[in-house]
$ cat upload36.cif   # mmCIF, C-alpha atoms
data_structure
loop_
_atom_site.label_atom_id
_atom_site.label_comp_id
_atom_site.auth_asym_id
_atom_site.auth_seq_id
_atom_site.Cartn_x
_atom_site.Cartn_y
_atom_site.Cartn_z
CA MET I 1 55.29 -36.76 68.64
CA THR I 2 57.67 -39.17 66.95
CA PRO I 3 56.49 -41.15 63.92
CA GLU I 4 56.89 -44.36 65.95
CA ASP I 5 54.68 -43.13 68.79
CA ALA I 6 52.13 -41.77 66.33
CA ALA I 7 52.03 -45.16 64.61
CA TYR I 8 51.55 -46.90 67.96
CA VAL I 9 48.54 -44.84 69.09
CA THR I 10 47.06 -45.06 65.60
CA ALA I 11 47.30 -48.85 65.78
CA VAL I 12 45.55 -48.86 69.17
CA VAL I 13 42.64 -46.92 67.69
CA ARG I 14 42.49 -48.93 64.47
CA HIS I 15 42.52 -52.28 66.29
CA SER I 16 39.74 -51.18 68.65
CA GLY I 17 37.28 -51.55 65.79
CA THR I 18 35.61 -48.21 66.53
CA SER I 19 34.33 -45.72 63.95
CA PHE I 20 36.43 -43.13 65.81
CA TYR I 21 39.43 -44.18 63.70
CA HIS I 22 37.76 -43.13 60.44
CA GLY I 23 35.85 -40.21 61.95
CA MET I 24 38.99 -38.40 63.04
CA LYS I 25 40.43 -38.57 59.53
CA ILE I 26 38.64 -35.31 58.79
CA LEU I 27 41.29 -33.60 60.96
CA PRO I 28 44.73 -32.43 59.80
CA ALA I 29 47.41 -35.03 60.50
CA ALA I 30 48.84 -33.46 63.67
CA ARG I 31 45.43 -32.96 65.28
CA ARG I 32 44.32 -36.45 64.17
CA ASP I 33 47.37 -38.03 65.81
CA ALA I 34 46.68 -36.00 68.94
CA MET I 35 43.13 -37.35 69.10
CA TYR I 36 44.40 -40.87 68.57
CA ALA I 37 46.74 -40.39 71.55
CA ILE I 38 43.83 -39.24 73.73
CA TYR I 39 41.71 -42.17 72.54
CA ALA I 40 44.54 -44.64 73.20
CA PHE I 41 44.75 -43.38 76.79
CA CYS I 42 40.96 -43.72 77.18
CA ARG I 43 41.05 -47.20 75.66
CA VAL I 44 43.74 -48.42 78.05
CA VAL I 45 42.05 -47.18 81.22
CA ASP I 46 38.66 -48.40 79.99
CA ASP I 47 40.12 -51.86 79.40
CA ILE I 48 41.41 -51.89 82.98
CA ALA I 49 37.91 -51.12 84.28
CA ASP I 50 36.18 -53.65 82.04
CA GLU I 51 38.53 -56.61 82.34
CA GLU I 52 36.74 -59.61 83.79
CA GLY I 53 38.17 -61.94 86.40
CA ARG I 54 40.05 -59.35 88.44
CA ASP I 55 38.99 -57.78 91.72
CA PHE I 56 38.37 -54.11 92.30
CA ALA I 57 41.53 -53.64 94.36
CA THR I 58 43.70 -54.81 91.47
CA LYS I 59 41.91 -52.56 89.00
CA GLN I 60 42.09 -49.63 91.40
CA ALA I 61 45.85 -50.12 91.77
CA GLU I 62 46.31 -50.02 88.00
CA LEU I 63 44.13 -46.92 87.69
CA ASP I 64 46.13 -45.29 90.51
CA ALA I 65 49.28 -46.07 88.52
CA TRP I 66 47.77 -44.16 85.61
CA ARG I 67 47.02 -41.22 87.90
CA CYS I 68 50.72 -41.20 88.76
CA ARG I 69 51.66 -41.37 85.08
CA ILE I 70 49.40 -38.39 84.33
CA ALA I 71 51.04 -36.47 87.18
CA ALA I 72 54.45 -37.34 85.72
CA LEU I 73 53.39 -35.97 82.33
CA TYR I 74 52.88 -32.54 83.89
CA GLU I 75 56.42 -32.78 85.23
CA GLY I 76 57.72 -33.55 81.75
CA ARG I 77 58.18 -37.32 82.18
CA ALA I 78 56.81 -40.16 80.00
CA ASP I 79 57.56 -43.88 79.94
CA ASP I 80 55.81 -45.53 76.97
CA PRO I 81 54.45 -44.67 73.48
CA ILE I 82 51.07 -43.46 74.78
CA THR I 83 52.48 -41.19 77.46
CA ARG I 84 55.22 -39.92 75.14
CA ALA I 85 52.54 -39.05 72.60
CA LEU I 86 50.43 -37.37 75.28
CA LEU I 87 53.43 -35.36 76.47
CA THR I 88 53.55 -33.70 73.06
CA VAL I 89 49.77 -33.26 72.88
CA ILE I 90 49.58 -31.62 76.31
CA ALA I 91 52.30 -29.15 75.35
CA ASP I 92 50.81 -28.40 71.92
CA TYR I 93 47.19 -27.92 72.98
CA GLY I 94 47.30 -26.93 76.64
CA LEU I 95 45.29 -29.90 77.93
CA ALA I 96 44.27 -29.85 81.59
CA ARG I 97 45.48 -32.51 84.01
CA LYS I 98 42.10 -32.52 85.80
CA ASP I 99 40.37 -33.79 82.65
CA PHE I 100 42.65 -36.82 82.35
CA ILE I 101 42.08 -37.54 86.05
CA ALA I 102 38.32 -37.19 85.58
CA VAL I 103 38.42 -39.87 82.88
CA ILE I 104 40.27 -42.22 85.24
CA ASP I 105 37.77 -41.43 88.01
CA GLY I 106 34.95 -42.37 85.64
CA MET I 107 36.62 -45.66 84.81
CA GLU I 108 36.97 -46.34 88.54
CA MET I 109 33.21 -45.88 88.92
CA ASP I 110 32.72 -48.66 86.36
CA ALA I 111 35.45 -50.85 87.83
CA GLY I 112 33.76 -51.22 91.21
CA ALA I 113 30.39 -52.68 92.13
CA PRO I 114 27.93 -52.56 89.22
CA ILE I 115 26.23 -49.19 88.86
CA ILE I 116 22.53 -49.73 89.56
CA ALA I 117 19.99 -46.90 89.42
CA PRO I 118 22.27 -43.97 90.30
CA SER I 119 20.75 -40.71 91.47
CA LEU I 120 20.41 -37.96 88.89
CA ALA I 121 23.41 -36.22 90.46
CA GLU I 122 25.51 -39.40 90.36
CA LEU I 123 24.50 -40.03 86.76
CA ASP I 124 25.48 -36.49 85.79
CA LEU I 125 28.86 -36.90 87.49
CA TYR I 126 29.40 -40.19 85.65
CA CYS I 127 28.53 -38.59 82.30
CA ASP I 128 30.88 -35.71 83.02
CA ARG I 129 33.77 -38.02 83.83
CA VAL I 130 33.46 -40.61 81.08
CA ALA I 131 32.27 -38.32 78.27
CA ALA I 132 32.38 -34.57 78.91
CA ALA I 133 35.96 -34.75 80.24
CA VAL I 134 37.03 -36.41 76.99
CA GLY I 135 35.16 -33.63 75.20
CA ARG I 136 37.08 -30.96 77.09
CA LEU I 137 40.34 -32.55 75.98
CA SER I 138 39.05 -32.96 72.43
CA VAL I 139 37.76 -29.45 71.70
CA ARG I 140 41.20 -28.00 72.39
CA VAL I 141 42.75 -30.41 69.92
CA PHE I 142 40.00 -29.57 67.43
CA GLY I 143 41.19 -25.96 67.62
CA ASP I 144 38.84 -24.07 69.97
CA SER I 145 39.55 -23.46 73.66
CA SER I 146 36.83 -20.85 74.21
CA GLU I 147 34.10 -20.95 76.85
CA ASN I 148 31.66 -21.87 74.10
CA ALA I 149 33.79 -24.88 73.21
CA GLU I 150 33.74 -25.89 76.88
CA GLU I 151 29.95 -25.70 76.71
CA VAL I 152 30.02 -27.97 73.65
CA ALA I 153 32.04 -30.51 75.62
CA HIS I 154 29.72 -30.25 78.62
CA ALA I 155 26.49 -30.70 76.69
CA LEU I 156 27.61 -32.96 73.87
CA GLY I 157 29.34 -35.33 76.27
CA ARG I 158 26.15 -35.73 78.24
CA GLY I 159 24.05 -36.14 75.10
CA LEU I 160 26.36 -38.83 73.76
CA GLN I 161 26.58 -40.74 77.04
CA LEU I 162 22.85 -40.64 77.73
CA THR I 163 22.30 -41.99 74.20
CA ASN I 164 24.77 -44.78 74.92
CA ILE I 165 22.92 -45.59 78.13
CA LEU I 166 19.55 -45.73 76.38
CA ARG I 167 20.93 -47.88 73.56
CA ASP I 168 22.50 -50.38 75.97
CA VAL I 169 19.78 -50.83 78.60
CA GLY I 170 19.24 -54.45 77.56
CA GLU I 171 22.92 -55.40 77.48
CA ASP I 172 23.60 -53.59 80.74
CA ALA I 173 20.72 -55.38 82.48
CA ALA I 174 22.13 -58.74 81.37
CA ASN I 175 25.40 -57.72 83.09
CA GLY I 176 23.67 -56.57 86.28
CA ARG I 177 23.89 -52.86 85.54
CA LEU I 178 21.21 -50.17 85.29
CA TYR I 179 22.32 -46.62 84.49
CA LEU I 180 18.82 -45.09 84.39
CA PRO I 181 18.30 -42.57 87.20
CA ARG I 182 16.77 -43.75 90.47
CA GLU I 183 14.36 -40.81 90.83
CA LEU I 184 12.74 -41.47 87.45
CA LEU I 185 12.51 -45.22 88.05
CA LEU I 186 10.88 -44.78 91.46
CA ALA I 187 8.40 -42.22 90.12
CA GLN I 188 7.17 -44.78 87.58
CA ASN I 189 7.28 -47.71 90.04
CA VAL I 190 9.95 -49.44 87.94
CA PRO I 191 11.95 -51.98 90.01
CA LEU I 192 15.55 -51.03 90.71
CA ASP I 193 16.75 -54.55 89.94
CA PRO I 194 18.20 -54.43 86.39
CA LYS I 195 16.45 -57.51 84.98
CA ALA I 196 13.17 -56.73 86.71
CA ALA I 197 13.34 -53.17 85.38
CA LEU I 198 13.79 -54.51 81.86
CA ALA I 199 10.51 -56.42 82.17
CA SER I 200 8.55 -53.48 83.58
CA PRO I 201 5.81 -52.05 81.31
CA ALA I 202 6.66 -48.59 82.69
CA LEU I 203 10.31 -48.74 81.58
CA PRO I 204 9.64 -47.00 78.22
CA SER I 205 8.24 -44.00 80.10
CA VAL I 206 11.49 -43.66 82.05
CA CYS I 207 13.53 -44.10 78.86
CA GLN I 208 11.49 -41.37 77.18
CA GLN I 209 12.38 -38.96 79.97
CA VAL I 210 16.07 -39.80 79.67
CA CYS I 211 15.72 -39.38 75.91
CA GLU I 212 14.38 -35.86 76.50
CA MET I 213 17.40 -35.15 78.72
CA ALA I 214 19.68 -36.25 75.88
CA GLU I 215 17.75 -34.13 73.35
CA GLN I 216 18.12 -31.06 75.55
CA ASN I 217 21.86 -31.60 75.77
CA PHE I 218 22.22 -32.09 72.02
CA ALA I 219 20.27 -28.84 71.48
CA ARG I 220 22.57 -27.00 73.90
CA ALA I 221 25.60 -28.46 72.14
CA ARG I 222 24.38 -27.35 68.70
CA ALA I 223 23.70 -23.84 69.99
CA ALA I 224 27.19 -23.64 71.49
CA MET I 225 28.79 -25.02 68.32
CA ALA I 226 27.21 -22.16 66.37
CA ARG I 227 29.20 -19.73 68.52
CA CYS I 228 32.49 -21.59 68.01
CA ASP I 229 35.05 -21.77 65.23
CA ALA I 230 33.14 -23.64 62.52
CA LYS I 231 36.09 -25.58 61.17
CA ALA I 232 37.21 -26.64 64.63
CA MET I 233 33.76 -27.99 65.42
CA ARG I 234 33.53 -30.33 62.40
CA PRO I 235 34.44 -33.46 64.43
CA ALA I 236 31.98 -32.46 67.17
CA ARG I 237 29.23 -32.00 64.58
CA LEU I 238 30.06 -35.41 63.16
CA MET I 239 29.71 -37.00 66.60
CA GLU I 240 26.39 -35.29 67.21
CA ALA I 241 25.10 -36.23 63.76
CA SER I 242 26.17 -39.86 64.26
CA TYR I 243 24.51 -40.29 67.66
CA HIS I 244 21.45 -38.03 67.68
CA PRO I 245 19.52 -40.14 65.11
CA LEU I 246 19.81 -43.15 67.42
CA LEU I 247 17.34 -41.48 69.78
CA GLY I 248 14.73 -41.41 67.04
CA ILE I 249 15.27 -45.10 66.29
CA LEU I 250 14.91 -45.96 69.97
CA ARG I 251 11.69 -43.95 70.22
CA ASP I 252 10.30 -45.61 67.09
CA ARG I 253 11.00 -49.00 68.69
CA GLY I 254 9.17 -47.93 71.81
CA PHE I 255 12.37 -48.57 73.77
CA ASN I 256 11.90 -52.28 73.18
CA TYR I 257 15.14 -54.01 74.15
CA GLY I 258 14.13 -57.41 72.89
CA GLN I 259 15.33 -56.45 69.41
CA LYS I 260 18.82 -56.26 67.93
CA ARG I 261 21.09 -53.52 69.32
CA ILE I 262 20.75 -50.43 67.15
CA THR I 263 23.49 -48.77 65.12
CA LEU I 264 23.48 -46.08 62.47
CA PRO I 265 23.83 -47.64 58.99
CA LYS I 266 27.33 -47.31 57.55
CA TRP I 267 26.02 -45.57 54.42
CA ARG I 268 24.47 -42.87 56.57
CA LYS I 269 27.73 -42.32 58.47
CA LEU I 270 29.57 -41.95 55.15
CA ILE I 271 27.06 -39.36 53.93
CA LEU I 272 27.43 -37.40 57.17
CA ALA I 273 31.22 -37.45 56.88
CA ALA I 274 31.08 -36.39 53.24
CA ARG I 275 28.84 -33.43 54.06
CA LEU I 276 31.22 -32.24 56.74
CA LEU I 277 34.19 -32.53 54.40
CA VAL I 278 32.42 -30.56 51.68
CA ASN I 279 31.20 -27.89 54.08
#
$ encode --input "upload36.cif" --output "structure tokens"
Amino acid sequence: MTPEDAAYVTAVVRHSGTSFYHGMKILPAARRDAMYAIYAFCRVVDDIADEEGRDFATKQAELDAWRCRIAALYEGRADDPITRALLTVIADYGLARKDFIAVIDGMEMDAGAPIIAPSLAELDLYCDRVAAAVGRLSVRVFGDSSENAEEVAHALGRGLQLTNILRDVGEDAANGRLYLPRELLLAQNVPLDPKAALASPALPSVCQQVCEMAEQNFARARAAMARCDAKAMRPARLMEASYHPLLGILRDRGFNYGQKRITLPKWRKLILAARLLVN
């Protein structure tokens, strides 16, 4: 990866305003730049899916163009700073084409009609595409390509995404979306309309069940991490430690979405990062 391309993908991450920029600083420079390249790709395709004012056909065409660019990468061709950076990363860490395509497929799910009360199977597929696929790319860059590392990606990705879904129920409902699973909503007689679901007194019961799903995935991820290269798993442990406490805060609030959106205090994130650096 050239210094210019590394600087470009780093700028994409830094300007996104995400804690990912600082979190990946625990990695050696080459691996950090590789993660920034992966994030820059995810950021670009996510922006395509989220951009307001454009129809699905236009977004789909742009996502299809990215599918073609990913295919070109595996033929040794790149055409901009992000793809040039990814060309190096794919060669250095043996990243799988199917995982990049899965990320694009996940963005396409969000680009279409609003997702409202997906089935448990559809929700799992969504979590795999938008989170676990990124995890499968990431663990190889972290330095572990074992089956246990794949299990970390599988479980941690689902734990992280389910936590995101629980945190954002209120915001999603305001935008006409509801990612909570249909089977659980129907079992508790919660309306499938996003805003009506938000007002249902039975909604916290559904959220608690999804919370338990996330907890199970975090537990599976921790168990798999213990069987992996400890140094390679430091970024994964940081992600888990940054997100898992949010579930406790949501439970303590009773899954009340009338309050301010939750985040982990910055001081706590710094302590977590410091512990990982020391250990």
$ residues_around --input "upload36.cif" --residues "range 86-96 of chain I" --least-positions-apart "3" --cutoff "10 Å" --atoms "all atoms listed in the file" --output "MDAnalysis selection string"
chainID I and resid 1:2 5 9 30:31 33:38 40:41 70 72:78 80:83 99:101 133 136:145
$ write_last_selection --input "upload36.cif" --atoms "C-alpha atoms" --output "PDB file, in the coordinates of the input"
ATOM      1  CA  MET I   1      55.290 -36.760  68.640  1.00  0.00           C
ATOM      2  CA  THR I   2      57.670 -39.170  66.950  1.00  0.00           C
ATOM      3  CA  ASP I   5      54.680 -43.130  68.790  1.00  0.00           C
ATOM      4  CA  VAL I   9      48.540 -44.840  69.090  1.00  0.00           C
ATOM      5  CA  ALA I  30      48.840 -33.460  63.670  1.00  0.00           C
ATOM      6  CA  ARG I  31      45.430 -32.960  65.280  1.00  0.00           C
ATOM      7  CA  ASP I  33      47.370 -38.030  65.810  1.00  0.00           C
ATOM      8  CA  ALA I  34      46.680 -36.000  68.940  1.00  0.00           C
ATOM      9  CA  MET I  35      43.130 -37.350  69.100  1.00  0.00           C
ATOM     10  CA  TYR I  36      44.400 -40.870  68.570  1.00  0.00           C
ATOM     11  CA  ALA I  37      46.740 -40.390  71.550  1.00  0.00           C
ATOM     12  CA  ILE I  38      43.830 -39.240  73.730  1.00  0.00           C
ATOM     13  CA  ALA I  40      44.540 -44.640  73.200  1.00  0.00           C
ATOM     14  CA  PHE I  41      44.750 -43.380  76.790  1.00  0.00           C
ATOM     15  CA  ILE I  70      49.400 -38.390  84.330  1.00  0.00           C
ATOM     16  CA  ALA I  72      54.450 -37.340  85.720  1.00  0.00           C
ATOM     17  CA  LEU I  73      53.390 -35.970  82.330  1.00  0.00           C
ATOM     18  CA  TYR I  74      52.880 -32.540  83.890  1.00  0.00           C
ATOM     19  CA  GLU I  75      56.420 -32.780  85.230  1.00  0.00           C
ATOM     20  CA  GLY I  76      57.720 -33.550  81.750  1.00  0.00           C
ATOM     21  CA  ARG I  77      58.180 -37.320  82.180  1.00  0.00           C
ATOM     22  CA  ALA I  78      56.810 -40.160  80.000  1.00  0.00           C
ATOM     23  CA  ASP I  80      55.810 -45.530  76.970  1.00  0.00           C
ATOM     24  CA  PRO I  81      54.450 -44.670  73.480  1.00  0.00           C
ATOM     25  CA  ILE I  82      51.070 -43.460  74.780  1.00  0.00           C
ATOM     26  CA  THR I  83      52.480 -41.190  77.460  1.00  0.00           C
ATOM     27  CA  ASP I  99      40.370 -33.790  82.650  1.00  0.00           C
ATOM     28  CA  PHE I 100      42.650 -36.820  82.350  1.00  0.00           C
ATOM     29  CA  ILE I 101      42.080 -37.540  86.050  1.00  0.00           C
ATOM     30  CA  ALA I 133      35.960 -34.750  80.240  1.00  0.00           C
ATOM     31  CA  ARG I 136      37.080 -30.960  77.090  1.00  0.00           C
ATOM     32  CA  LEU I 137      40.340 -32.550  75.980  1.00  0.00           C
ATOM     33  CA  SER I 138      39.050 -32.960  72.430  1.00  0.00           C
ATOM     34  CA  VAL I 139      37.760 -29.450  71.700  1.00  0.00           C
ATOM     35  CA  ARG I 140      41.200 -28.000  72.390  1.00  0.00           C
ATOM     36  CA  VAL I 141      42.750 -30.410  69.920  1.00  0.00           C
ATOM     37  CA  PHE I 142      40.000 -29.570  67.430  1.00  0.00           C
ATOM     38  CA  GLY I 143      41.190 -25.960  67.620  1.00  0.00           C
ATOM     39  CA  ASP I 144      38.840 -24.070  69.970  1.00  0.00           C
ATOM     40  CA  SER I 145      39.550 -23.460  73.660  1.00  0.00           C
TER      41      SER I 145
END
$ atom_distance --input "upload36.cif" --atom1 "CA of Cys127 in chain I" --atom2 "CA of Asp47 in chain I"
17.9 Å
$ residues_around --input "upload36.cif" --residues "range 212-224 of chain I" --least-positions-apart "3" --cutoff "7 Å" --atoms "only C-alpha atoms" --output "PyMOL selection string"
chain I and resi 148-149+151-152+155-156+158-159+162-163+208-209+227-228
$ residues_around --input "upload36.cif" --residues "Gly170 in chain I" --least-positions-apart "5" --cutoff "12 Å" --atoms "all atoms listed in the file" --output "PyMOL selection string"
chain I and resi 164-165+175-180+194-199+203+207+255-262
$ residues_around --input "upload36.cif" --residues "range 107-115 of chain I" --least-positions-apart "4" --cutoff "12 Å" --atoms "only C-alpha atoms" --output "MDAnalysis selection string"
chainID I and resid 41:64 66:67 100:103 119 122:123 125:131 133 165 172:182 192:194
$ closest_residue --input "upload36.cif" --among "I:Ala117, I:Ala132, I:Ala202, I:Ala226" --to "His154 in chain I" --atoms "all atoms listed in the file"
I:Ala132
